[in-house]
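Next up, target13.cif (mmCIF, C-alpha atoms):
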```cif
data_protein
#
loop_
_atom_site.label_atom_id
_atom_site.label_comp_id
_atom_site.auth_asym_id
_atom_site.auth_seq_id
_atom_site.Cartn_x
_atom_site.Cartn_y
_atom_site.Cartn_z
CA MET A 1 14.75 28.92 9.64
CA ARG A 2 14.99 25.47 11.24
CA TRP A 3 13.12 22.38 10.04
CA GLN A 4 10.48 21.43 12.60
CA THR A 5 11.13 17.88 13.79
CA ASN A 6 8.20 17.44 16.16
CA GLU A 7 5.38 15.47 14.56
CA GLN A 8 1.89 16.95 14.44
CA VAL A 9 -1.43 15.53 13.30
CA ALA A 10 -3.76 17.00 10.68
CA THR A 11 -7.38 16.06 11.23
CA ILE A 12 -9.46 15.23 8.16
CA PRO A 13 -13.18 14.42 8.48
CA MET A 14 -13.95 10.76 7.79
CA ARG A 15 -17.24 8.96 7.29
CA PHE A 16 -18.31 5.55 6.09
CA ILE A 17 -20.39 4.75 3.02
CA GLY A 18 -22.10 1.61 1.86
CA PRO A 19 -22.35 -1.25 2.17
CA VAL A 20 -20.73 -1.79 -1.22
CA LYS A 21 -21.55 -5.26 -2.52
CA ILE A 22 -18.63 -6.73 -4.48
CA ILE A 23 -18.59 -9.94 -6.52
CA GLY A 24 -15.44 -11.50 -7.94
CA PRO A 25 -12.80 -14.21 -7.67
CA GLU A 26 -10.86 -12.33 -4.97
CA VAL A 27 -13.60 -10.39 -3.18
CA ASP A 28 -17.13 -11.61 -2.59
CA ALA A 29 -18.51 -9.51 0.24
CA GLU A 30 -20.41 -6.46 1.36
CA VAL A 31 -18.06 -3.85 2.82
CA ILE A 32 -18.47 -0.54 4.60
CA VAL A 33 -15.94 1.89 3.10
CA PRO A 34 -14.18 4.75 4.94
CA LEU A 35 -13.59 8.01 3.04
CA ALA A 36 -11.61 10.93 4.49
CA THR A 37 -12.34 14.22 2.77
CA TYR A 38 -13.19 17.89 3.18
CA GLU A 39 -15.70 17.65 0.33
CA THR A 40 -18.90 16.98 2.26
CA PRO A 41 -21.12 15.95 -0.69
CA LEU A 42 -18.76 13.11 -1.57
CA TRP A 43 -20.13 10.91 1.21
CA PRO A 44 -23.85 10.99 0.34
CA SER A 45 -23.14 10.90 -3.39
CA THR A 46 -20.85 7.86 -3.21
CA HIS A 47 -23.26 6.23 -0.76
CA ARG A 48 -26.09 6.73 -3.26
CA GLY A 49 -24.03 5.00 -5.94
CA ALA A 50 -23.23 2.16 -3.54
CA LYS A 51 -26.91 1.75 -2.66
CA ALA A 52 -27.92 1.60 -6.32
CA CYS A 53 -25.21 -0.95 -7.13
CA THR A 54 -26.09 -3.13 -4.15
CA HIS A 55 -29.77 -3.12 -5.15
CA ALA A 56 -28.64 -4.11 -8.65
CA GLY A 57 -26.93 -7.22 -7.30
CA GLY A 58 -23.44 -5.88 -6.73
CA ILE A 59 -20.31 -4.79 -8.55
CA ARG A 60 -18.17 -7.37 -10.34
CA ALA A 61 -14.46 -6.65 -10.03
CA ILE A 62 -11.14 -8.17 -10.99
CA VAL A 63 -7.41 -7.35 -10.87
CA ILE A 64 -5.86 -8.21 -14.24
CA ASP A 65 -2.30 -7.05 -13.54
CA GLU A 66 -0.08 -5.63 -10.79
CA ARG A 67 3.38 -4.12 -10.77
CA MET A 68 5.42 -1.36 -9.16
CA THR A 69 8.03 0.43 -11.24
CA ARG A 70 11.28 2.31 -10.90
CA SER A 71 13.31 3.66 -13.81
CA VAL A 72 16.97 4.65 -14.00
CA VAL A 73 18.94 6.81 -16.41
CA LEU A 74 22.41 5.82 -17.59
CA GLU A 75 24.69 7.44 -20.14
CA THR A 76 27.48 6.40 -22.49
CA ASP A 77 29.88 8.18 -24.84
CA SER A 78 28.10 7.14 -28.02
CA ILE A 79 24.89 5.72 -29.45
CA ILE A 80 26.76 2.53 -30.42
CA ASP A 81 27.84 1.97 -26.81
CA ALA A 82 24.29 2.65 -25.61
CA HIS A 83 22.78 0.13 -28.01
CA GLU A 84 25.32 -2.59 -27.22
CA ALA A 85 25.02 -2.11 -23.45
CA LEU A 86 21.22 -2.31 -23.59
CA ILE A 87 21.30 -5.60 -25.54
CA ASN A 88 23.68 -7.08 -22.98
CA ILE A 89 21.70 -5.85 -19.96
CA LEU A 90 18.45 -7.40 -21.20
CA GLN A 91 20.13 -10.82 -21.46
CA HIS A 92 20.73 -11.01 -17.69
CA LYS A 93 17.20 -11.02 -16.21
CA GLU A 94 17.76 -14.26 -14.27
CA VAL A 95 20.90 -12.89 -12.64
CA MET A 96 19.04 -9.72 -11.79
CA GLN A 97 16.32 -11.68 -10.01
CA THR A 98 18.97 -13.32 -7.82
CA ILE A 99 20.32 -9.89 -6.90
CA ILE A 100 16.81 -8.59 -6.15
CA ALA A 101 16.10 -11.54 -3.84
CA GLU A 102 18.90 -10.27 -1.57
CA THR A 103 16.98 -7.02 -0.98
CA SER A 104 13.54 -8.50 -0.19
CA ARG A 105 11.90 -11.91 0.07
CA PHE A 106 8.82 -10.49 -1.66
CA ALA A 107 10.21 -8.42 -4.56
CA ARG A 108 10.14 -10.20 -7.91
CA LEU A 109 11.27 -8.79 -11.25
CA LEU A 110 8.46 -9.00 -13.81
CA ASP A 111 9.81 -7.12 -16.80
CA ILE A 112 12.20 -4.44 -18.06
CA HIS A 113 11.18 -1.79 -20.58
CA SER A 114 13.72 0.47 -22.19
CA GLN A 115 14.12 3.63 -24.24
CA VAL A 116 17.31 4.98 -25.80
CA VAL A 117 17.62 8.71 -26.45
CA GLY A 118 20.93 9.52 -28.09
CA ASN A 119 23.58 8.28 -25.69
CA LEU A 120 21.09 7.99 -22.80
CA ILE A 121 19.54 4.69 -21.67
CA TYR A 122 16.26 4.65 -19.72
CA LEU A 123 15.43 1.36 -17.99
CA ARG A 124 11.97 0.80 -16.47
CA PHE A 125 12.13 -2.07 -13.97
CA GLU A 126 8.77 -3.60 -13.04
CA TYR A 127 8.27 -5.64 -9.87
CA ASN A 128 5.68 -7.60 -7.97
CA THR A 129 5.80 -6.28 -4.39
CA ALA A 130 3.20 -8.49 -2.65
CA ASP A 131 1.12 -6.59 -0.05
CA ALA A 132 3.26 -3.43 -0.09
CA ALA A 133 2.51 -0.53 -2.42
CA GLY A 134 6.16 -1.08 -3.22
CA HIS A 135 7.79 2.32 -3.76
CA ASN A 136 10.70 1.68 -1.39
CA MET A 137 10.94 -2.01 -2.23
CA ALA A 138 11.24 -1.22 -5.94
CA THR A 139 13.74 1.58 -5.35
CA LEU A 140 15.94 -0.58 -3.12
CA ALA A 141 15.92 -3.44 -5.65
CA THR A 142 16.69 -1.04 -8.50
CA ASP A 143 19.47 0.63 -6.55
CA ARG A 144 21.12 -2.77 -6.07
CA LEU A 145 20.67 -3.62 -9.75
CA LEU A 146 22.20 -0.28 -10.68
CA GLU A 147 25.32 -1.11 -8.67
CA TRP A 148 25.64 -4.45 -10.48
CA ILE A 149 25.10 -2.89 -13.93
CA LEU A 150 27.70 -0.18 -13.43
CA LEU A 151 30.28 -2.68 -12.19
CA ARG A 152 29.69 -5.05 -15.11
CA PHE A 153 29.29 -2.59 -17.99
CA LYS A 154 32.19 -0.16 -17.90
CA THR A 155 30.89 1.99 -20.78
CA LEU A 156 27.94 3.11 -18.67
CA ARG A 157 27.80 6.02 -16.22
CA TYR A 158 25.24 6.86 -13.55
CA VAL A 159 22.81 9.74 -14.17
CA SER A 160 19.89 9.14 -11.79
CA ILE A 161 18.13 6.43 -9.78
CA SER A 162 14.86 7.88 -11.14
CA GLY A 163 14.48 8.86 -14.77
CA ASN A 164 10.76 9.78 -14.84
CA TYR A 165 10.05 6.80 -17.10
CA CYS A 166 8.59 5.10 -13.99
CA CYS A 167 6.37 7.31 -14.04
CA ASP A 168 5.95 8.19 -10.34
CA LYS A 169 3.19 10.61 -9.27
CA LYS A 170 2.77 12.13 -12.70
CA ASN A 171 0.15 11.66 -15.40
CA SER A 172 1.63 9.78 -18.34
CA ALA A 173 0.88 7.61 -21.35
CA VAL A 174 3.32 4.91 -20.21
CA ASN A 175 1.44 4.20 -16.97
CA GLY A 176 -1.87 4.10 -18.79
CA ILE A 177 -0.45 1.55 -21.25
CA LEU A 178 1.82 -0.60 -19.05
CA GLY A 179 0.22 0.01 -15.67
CA ARG A 180 1.69 1.04 -12.32
CA GLY A 181 0.11 -0.52 -9.26
CA LYS A 182 -2.98 -2.70 -9.60
CA TYR A 183 -4.87 -2.75 -12.91
CA VAL A 184 -8.50 -3.08 -11.76
CA ILE A 185 -11.71 -3.33 -13.81
CA THR A 186 -15.19 -3.10 -12.30
CA GLU A 187 -18.68 -3.43 -13.80
CA VAL A 188 -22.32 -3.30 -12.79
CA THR A 189 -25.66 -3.63 -14.56
CA LEU A 190 -28.52 -1.50 -13.24
CA SER A 191 -32.14 -1.77 -14.30
CA LYS A 192 -34.03 1.18 -15.72
CA ASP A 193 -36.15 1.18 -12.56
CA ILE A 194 -33.12 1.43 -10.24
CA CYS A 195 -31.69 4.27 -12.34
CA LYS A 196 -34.97 6.15 -12.13
CA ARG A 197 -35.78 5.41 -8.49
CA LEU A 198 -32.34 5.68 -6.84
CA LEU A 199 -30.28 7.75 -9.27
CA LYS A 200 -33.07 10.03 -10.59
CA SER A 201 -31.90 9.43 -14.15
CA THR A 202 -32.15 6.96 -17.04
CA PRO A 203 -29.65 4.56 -18.64
CA ASP A 204 -29.73 6.47 -21.92
CA LYS A 205 -29.05 9.84 -20.26
CA ILE A 206 -26.08 8.46 -18.35
CA VAL A 207 -24.62 6.78 -21.45
CA GLN A 208 -25.00 9.93 -23.53
CA LEU A 209 -23.45 12.09 -20.82
CA ASN A 210 -20.49 9.74 -20.57
CA ILE A 211 -19.92 10.11 -24.32
CA LYS A 212 -20.36 13.86 -24.48
CA LYS A 213 -18.68 14.79 -21.17
CA ASN A 214 -16.15 12.10 -20.29
CA LEU A 215 -15.08 11.04 -23.79
CA ILE A 216 -15.43 14.11 -26.03
CA GLY A 217 -14.81 16.59 -23.23
CA ASN A 218 -11.59 14.88 -22.17
CA ILE A 219 -10.41 14.75 -25.80
CA LEU A 220 -10.97 18.50 -26.09
CA ALA A 221 -9.06 19.02 -22.85
CA GLY A 222 -6.11 17.01 -24.13
CA SER A 223 -6.34 14.43 -21.33
CA VAL A 224 -3.82 11.57 -21.43
CA ARG A 225 -5.48 8.14 -21.65
CA THR A 226 -8.24 9.19 -19.29
CA ALA A 227 -11.98 9.74 -19.58
CA ASN A 228 -13.72 10.17 -16.25
CA ALA A 229 -15.54 12.78 -14.21
CA HIS A 230 -13.85 12.64 -10.80
CA PHE A 231 -12.01 9.41 -10.00
CA ALA A 232 -9.55 11.47 -7.93
CA ASN A 233 -12.23 12.43 -5.39
CA MET A 234 -13.01 8.87 -4.30
CA LEU A 235 -9.39 7.74 -4.52
CA MET A 236 -8.14 10.60 -2.35
CA GLY A 237 -10.77 9.88 0.30
CA PHE A 238 -9.95 6.19 0.22
CA TYR A 239 -6.17 6.69 0.22
CA LEU A 240 -6.24 9.03 3.22
CA ALA A 241 -8.51 6.68 5.17
CA THR A 242 -6.33 3.62 4.53
CA GLY A 243 -2.84 5.08 4.98
CA GLN A 244 -1.78 5.29 1.34
CA ASP A 245 0.62 7.74 -0.31
CA ALA A 246 -1.98 10.31 -1.36
CA ALA A 247 0.17 11.77 -4.15
CA ASN A 248 -0.40 8.55 -6.08
CA ILE A 249 -3.89 9.73 -6.98
CA ILE A 250 -2.18 11.60 -9.83
CA GLU A 251 -1.57 8.42 -11.79
CA GLY A 252 -4.28 6.55 -9.89
CA SER A 253 -7.07 8.78 -11.15
CA GLN A 254 -6.10 8.04 -14.75
CA GLY A 255 -8.82 5.75 -16.06
CA LEU A 256 -11.86 5.19 -18.24
CA VAL A 257 -15.61 4.94 -17.92
CA HIS A 258 -17.50 2.84 -20.45
CA ALA A 259 -21.30 2.64 -20.46
CA GLU A 260 -23.93 0.98 -22.66
CA VAL A 261 -27.69 0.53 -22.74
CA ARG A 262 -28.45 -3.20 -22.75
CA ASN A 263 -32.13 -4.18 -23.07
CA ASP A 264 -33.17 -0.95 -21.32
CA ASP A 265 -30.63 -1.61 -18.51
CA LEU A 266 -27.47 0.39 -17.82
CA TYR A 267 -24.18 -1.47 -18.16
CA PHE A 268 -21.54 0.67 -16.42
CA THR A 269 -17.85 -0.12 -16.10
CA VAL A 270 -14.80 1.62 -14.67
CA THR A 271 -11.19 0.78 -15.56
CA LEU A 272 -8.28 1.94 -13.39
CA PRO A 273 -4.82 0.79 -14.54
CA ASN A 274 -2.86 2.49 -11.74
CA VAL A 275 -4.39 1.79 -8.32
CA ILE A 276 -1.38 2.04 -6.00
CA VAL A 277 -2.25 0.65 -2.57
CA GLY A 278 -0.70 -1.52 0.11
CA THR A 279 -1.72 -3.07 3.41
CA VAL A 280 1.79 -2.98 4.92
CA GLY A 281 4.46 -0.29 5.00
CA THR A 282 4.60 3.42 5.75
CA GLY A 283 1.37 4.87 7.16
CA LYS A 284 -0.22 1.51 7.95
CA ASN A 285 0.79 1.51 11.62
CA LEU A 286 -1.59 4.34 12.58
CA ASP A 287 -4.43 3.18 14.81
CA PHE A 288 -7.27 4.48 12.63
CA VAL A 289 -5.65 3.00 9.51
CA GLN A 290 -5.31 -0.40 11.17
CA GLU A 291 -8.95 -0.26 12.21
CA ASN A 292 -10.09 0.68 8.70
CA LEU A 293 -7.99 -2.03 7.05
CA ARG A 294 -9.41 -4.54 9.52
CA LEU A 295 -12.94 -3.35 8.74
CA LEU A 296 -12.26 -3.88 5.02
CA GLY A 297 -10.96 -7.40 5.66
CA CYS A 298 -7.46 -6.51 4.47
CA LEU A 299 -5.45 -7.67 7.47
CA GLU A 300 -6.31 -11.36 7.22
CA GLU A 301 -3.75 -14.16 6.97
CA ARG A 302 -3.63 -14.75 3.24
CA ALA A 303 -1.03 -15.52 0.58
CA PRO A 304 1.33 -12.59 -0.11
CA GLY A 305 -0.39 -9.94 -2.22
CA GLU A 306 -3.98 -11.03 -1.64
CA ASN A 307 -4.77 -8.37 0.98
CA ALA A 308 -3.42 -5.59 -1.26
CA ARG A 309 -5.40 -6.87 -4.25
CA ARG A 310 -8.54 -6.94 -2.11
CA LEU A 311 -7.88 -3.34 -1.06
CA ALA A 312 -7.38 -2.26 -4.69
CA ILE A 313 -10.66 -3.90 -5.71
CA ILE A 314 -12.55 -2.13 -2.92
CA ALA A 315 -10.95 1.18 -3.95
CA ALA A 316 -12.00 0.71 -7.59
CA CYS A 317 -15.55 -0.28 -6.64
CA THR A 318 -15.79 2.85 -4.50
CA VAL A 319 -14.65 4.90 -7.47
CA LEU A 320 -17.40 3.32 -9.58
CA CYS A 321 -20.04 4.24 -6.98
CA GLY A 322 -18.97 7.87 -6.84
CA GLU A 323 -18.57 8.19 -10.61
CA LEU A 324 -21.98 6.67 -11.32
CA SER A 325 -23.73 8.93 -8.82
CA LEU A 326 -22.08 12.12 -10.10
CA LEU A 327 -22.86 11.37 -13.75
CA ALA A 328 -26.47 10.64 -12.82
CA ALA A 329 -26.67 13.95 -10.94
CA GLN A 330 -25.23 15.87 -13.88
CA THR A 331 -27.94 14.60 -16.23
CA ASN A 332 -30.33 16.85 -14.27
CA GLN A 333 -29.83 20.61 -14.57
CA GLY A 334 -29.15 22.26 -11.21
CA GLU A 335 -28.92 19.07 -9.13
CA LEU A 336 -25.15 19.21 -8.61
CA MET A 337 -25.09 22.76 -7.28
CA LYS A 338 -28.20 22.27 -5.14
CA SER A 339 -26.53 19.39 -3.30
CA HIS A 340 -23.35 21.41 -2.69
CA VAL A 341 -25.35 24.40 -1.41
CA LYS A 342 -27.40 22.17 0.87
CA LEU A 343 -24.43 20.31 2.34
CA GLU A 344 -21.60 22.85 2.31
CA ARG A 345 -23.08 26.32 2.64
CA HIS A 346 -24.80 27.48 5.81
CA LYS A 347 -26.69 30.74 6.28
CA LYS A 348 -25.07 33.04 8.80
CA THR A 349 -27.30 34.03 11.69
CA GLU A 350 -27.50 37.79 12.16
CA GLY A 351 -27.33 39.53 15.52
#
```
Could you take the file, read its structure, and then write that structure out as structure tokens?
Amino acid sequence: MRWQTNEQVATIPMRFIGPVKIIGPEVDAEVIVPLATYETPLWPSTHRGAKACTHAGGIRAIVIDERMTRSVVLETDSIIDAHEALINILQHKEVMQTIIAETSRFARLLDIHSQVVGNLIYLRFEYNTADAAGHNMATLATDRLLEWILLRFKTLRYVSISGNYCCDKKNSAVNGILGRGKYVITEVTLSKDICKRLLKSTPDKIVQLNIKKNLIGNILAGSVRTANAHFANMLMGFYLATGQDAANIIEGSQGLVHAEVRNDDLYFTVTLPNVIVGTVGTGKNLDFVQENLRLLGCLEERAPGENARRLAIIAACTVLCGELSLLAAQTNQGELMKSHVKLERHKKTEG
């Protein structure tokens, strides 16, 4: 059986929701957001959340950290050698940055985290990768660092360029704690009237559902540093529409919803520590992706990294809209299934 080399195109339905009104130091605009999905109810539901948030004055959003990671595994003959080599490696960060600069004018080493297991050394290199999502940039920089380390420290031997301590496209505690991609936080305050009129619910019902479903339910399920209803739905739609590596929704959908009743209003916030997006690189050259990125204002001439941070903020605000709308729907018995039946199931005509 031969591998098929001719490229084909898979068509995924795409629609636009919004406008989503965003307020923050990096994004202050109303944007129309593209979502590509087979799940038909996602569009009207996320649009409903966007409408409610816009009527409430908009979503405040900020990026508090950004980094792309790659980990390596090395081995030695003994635990003593492993410990000594690690101490020496961590003393050469400035030299490492010089080596990294030879691989890319944008890659910058931010930090190195390590774990030693017996005679094995795991190194987690963390980089700023500007407007690229940064998978290849981080791997190339790490590959060059690995060459330098193995030449300098003769007690070390190569095991793998990726040691799963990254942690790439897998749910993990380390990504939830240290972050991988853009760490984005969003918040909105909705009046009791907006909740009732546009979301068909109340602030108290939504807060209580978040506690009993997202928090307690996810604890019972054994979820890892995550408490949300369906972040992955909005992220997948957004990633496919903007040319991202869709497999990154695995760590990307790890995140938390926090909600409070404040003076009869609903305070609703979404935290996503692993939004992995870029505005340059693989997948961004497709015509529809270029058009969508242009529509979102993410192809402007800005300082390196600003377009990607803008894209991450828009992604997180879209997640908030969809999460808010679904939780509101689930406070009402039968509403969720009725919408799916109405939008996805069609009666067959006999004859």
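Among A:Leu110, A:Leu90, A:Ala61, A:Leu178, the residue with the shortest atom-to-atom distance to A:Arg309, counting only C-alpha atoms, is A:Ala61.
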Kindly assemble as a Markdown table a list of the stretch 220-292 of chain A residues that lie within 8 Å of stretch 32-41 of chain A, each paired with its nearest atom pair and their distance in Å to one decimal, using all atoms listed in the file, sorted first by chain and then by ascending residue number.
```
| residue | atom | partner | partner_atom | distance |
| --- | --- | --- | --- | --- |
| A:Met234 | CA | A:Leu35 | CA | 7.4 |
| A:Met236 | CA | A:Thr37 | CA | 7.5 |
| A:Gly237 | CA | A:Leu35 | CA | 4.4 |
| A:Phe238 | CA | A:Leu35 | CA | 5.0 |
| A:Leu240 | CA | A:Ala36 | CA | 5.8 |
| A:Ala241 | CA | A:Ala36 | CA | 5.3 |
| A:Thr242 | CA | A:Pro34 | CA | 7.9 |
| A:Asn292 | CA | A:Pro34 | CA | 6.9 |
```
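Distance annotation: of A:Asp265, A:Asp143, A:Asp168, A:Glu7, the residue with the minimal separation from A:Ala247 is A:Asp168; atom set is only C-alpha atoms.
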Using the chain letters and residue numbers of this document, give as number ranges by chain the residues selected by the PyMOL selection byres ((chain A and resi 140) around 12). A: 69-71, 99-104, 107, 125, 127, 129, 134-139, 141-147, 161-162
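Listed by chain and then by number, the residues chosen by the PyMOL selection byres ((chain A and resi 45-55) around 8) in this file are Ile17, Gly18, Pro19, Val20, Lys21, Pro41, Leu42, Trp43, Pro44, Ala56, Gly57, Gly58, Ile59, Val188, Thr189, Leu190, Ile194, Cys195, Leu198, Leu199, Met234, Thr318, Leu320, Cys321, Gly322, Glu323, Leu324, Ser325 and Leu326 of chain A.
With distances taken from (-4.3, 9.2, -4.3) and restricted to only C-alpha atoms, the residues inside 10 Å are Lys169, Phe231, Ala232, Asn233, Met234, Leu235, Met236, Gly237, Phe238, Tyr239, Leu240, Gln244, Asp245, Ala246, Ala247, Asn248, Ile249, Ile250, Glu251, Gly252, Ser253, Val275, Ile276 and Val277 of chain A.
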Expected selection from the PyMOL selection byres ((chain A and resi 114) around 9), given as a VMD selection string: chain A and resid 71 86 112 to 113 115 to 116 121 to 125 165
Could those residues be written to a file, using C-alpha atoms, as a PDB file, in the coordinates of the input?
```
ATOM      1  CA  SER A  71      13.310   3.660 -13.810  1.00  0.00           C
ATOM      2  CA  LEU A  86      21.220  -2.310 -23.590  1.00  0.00           C
ATOM      3  CA  ILE A 112      12.200  -4.440 -18.060  1.00  0.00           C
ATOM      4  CA  HIS A 113      11.180  -1.790 -20.580  1.00  0.00           C
ATOM      5  CA  GLN A 115      14.120   3.630 -24.240  1.00  0.00           C
ATOM      6  CA  VAL A 116      17.310   4.980 -25.800  1.00  0.00           C
ATOM      7  CA  ILE A 121      19.540   4.690 -21.670  1.00  0.00           C
ATOM      8  CA  TYR A 122      16.260   4.650 -19.720  1.00  0.00           C
ATOM      9  CA  LEU A 123      15.430   1.360 -17.990  1.00  0.00           C
ATOM     10  CA  ARG A 124      11.970   0.800 -16.470  1.00  0.00           C
ATOM     11  CA  PHE A 125      12.130  -2.070 -13.970  1.00  0.00           C
ATOM     12  CA  TYR A 165      10.050   6.800 -17.100  1.00  0.00           C
TER      13      TYR A 165
END
```
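One distance worth recording is that between atom CA of A:Asn307 and atom CA of A:Ala130, which is 8.8 Å.
Closest approach to A:Ala132 from the set A:Glu301, A:Asp111, A:Asp81, A:Glu66 is made by A:Glu66, with distances taken over all atoms listed in the file.
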Counting only C-alpha atoms, figure out which residue out of A:Gln290, A:Val257, A:Asn119, A:Thr11 gets nearest to A:Val159. A:Asn119
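Our summary of the geometry notes that atom CA of A:Val270 is positioned 7.7 Å from atom CA of A:Ala316.
In this structure, atom CA of A:Met68 sits 26.9 Å away from atom CA of A:Asn218.
With all atoms listed in the file as the atoms that count, the residue of A:Gly222, A:Asn175, A:Val319, A:Leu296 with the shortest distance to A:Ala29 is A:Leu296.
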10 Å contact set for A:Asp65, only C-alpha atoms, chain neighbours under 6 positions out, as a compact mmCIF listing (two decimals) with C-alpha atoms, in the coordinates of the input:
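Saved file out-v6.txt follows:
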```txt
# COMPACT_ATOMS: atom_id res chain seq x y z
CA ASN A 128 5.68 -7.60 -7.97
CA LEU A 178 1.82 -0.60 -19.05
CA GLY A 179 0.22 0.01 -15.67
CA ARG A 180 1.69 1.04 -12.32
CA GLY A 181 0.11 -0.52 -9.26
CA LYS A 182 -2.98 -2.70 -9.60
CA TYR A 183 -4.87 -2.75 -12.91
CA VAL A 184 -8.50 -3.08 -11.76
CA PRO A 273 -4.82 0.79 -14.54
CA ASN A 274 -2.86 2.49 -11.74
CA ARG A 309 -5.40 -6.87 -4.25
```
Six-sided padding of 6 Å per side, axis-aligned box over stretch 183-197 of chain A, centre and edges in Å, one decimal, as AutoDock Vina command-line options:
```
--center_x -20.5 --center_y 1.3 --center_z -12.1 --size_x 43.3 --size_y 21.8 --size_z 19.2
```
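Closest approach to A:Thr282 from the set A:Pro304, A:Gly243, A:Gly297, A:Gly255 is made by A:Gly243, with distances taken over all atoms listed in the file.
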Name all residues at most 9 Å from A:Leu209 (count all atoms listed in the file; drop same-chain ones fewer than 6 positions away) and give them as a PyMOL selection string. chain A and resi 215+327-328+330-331
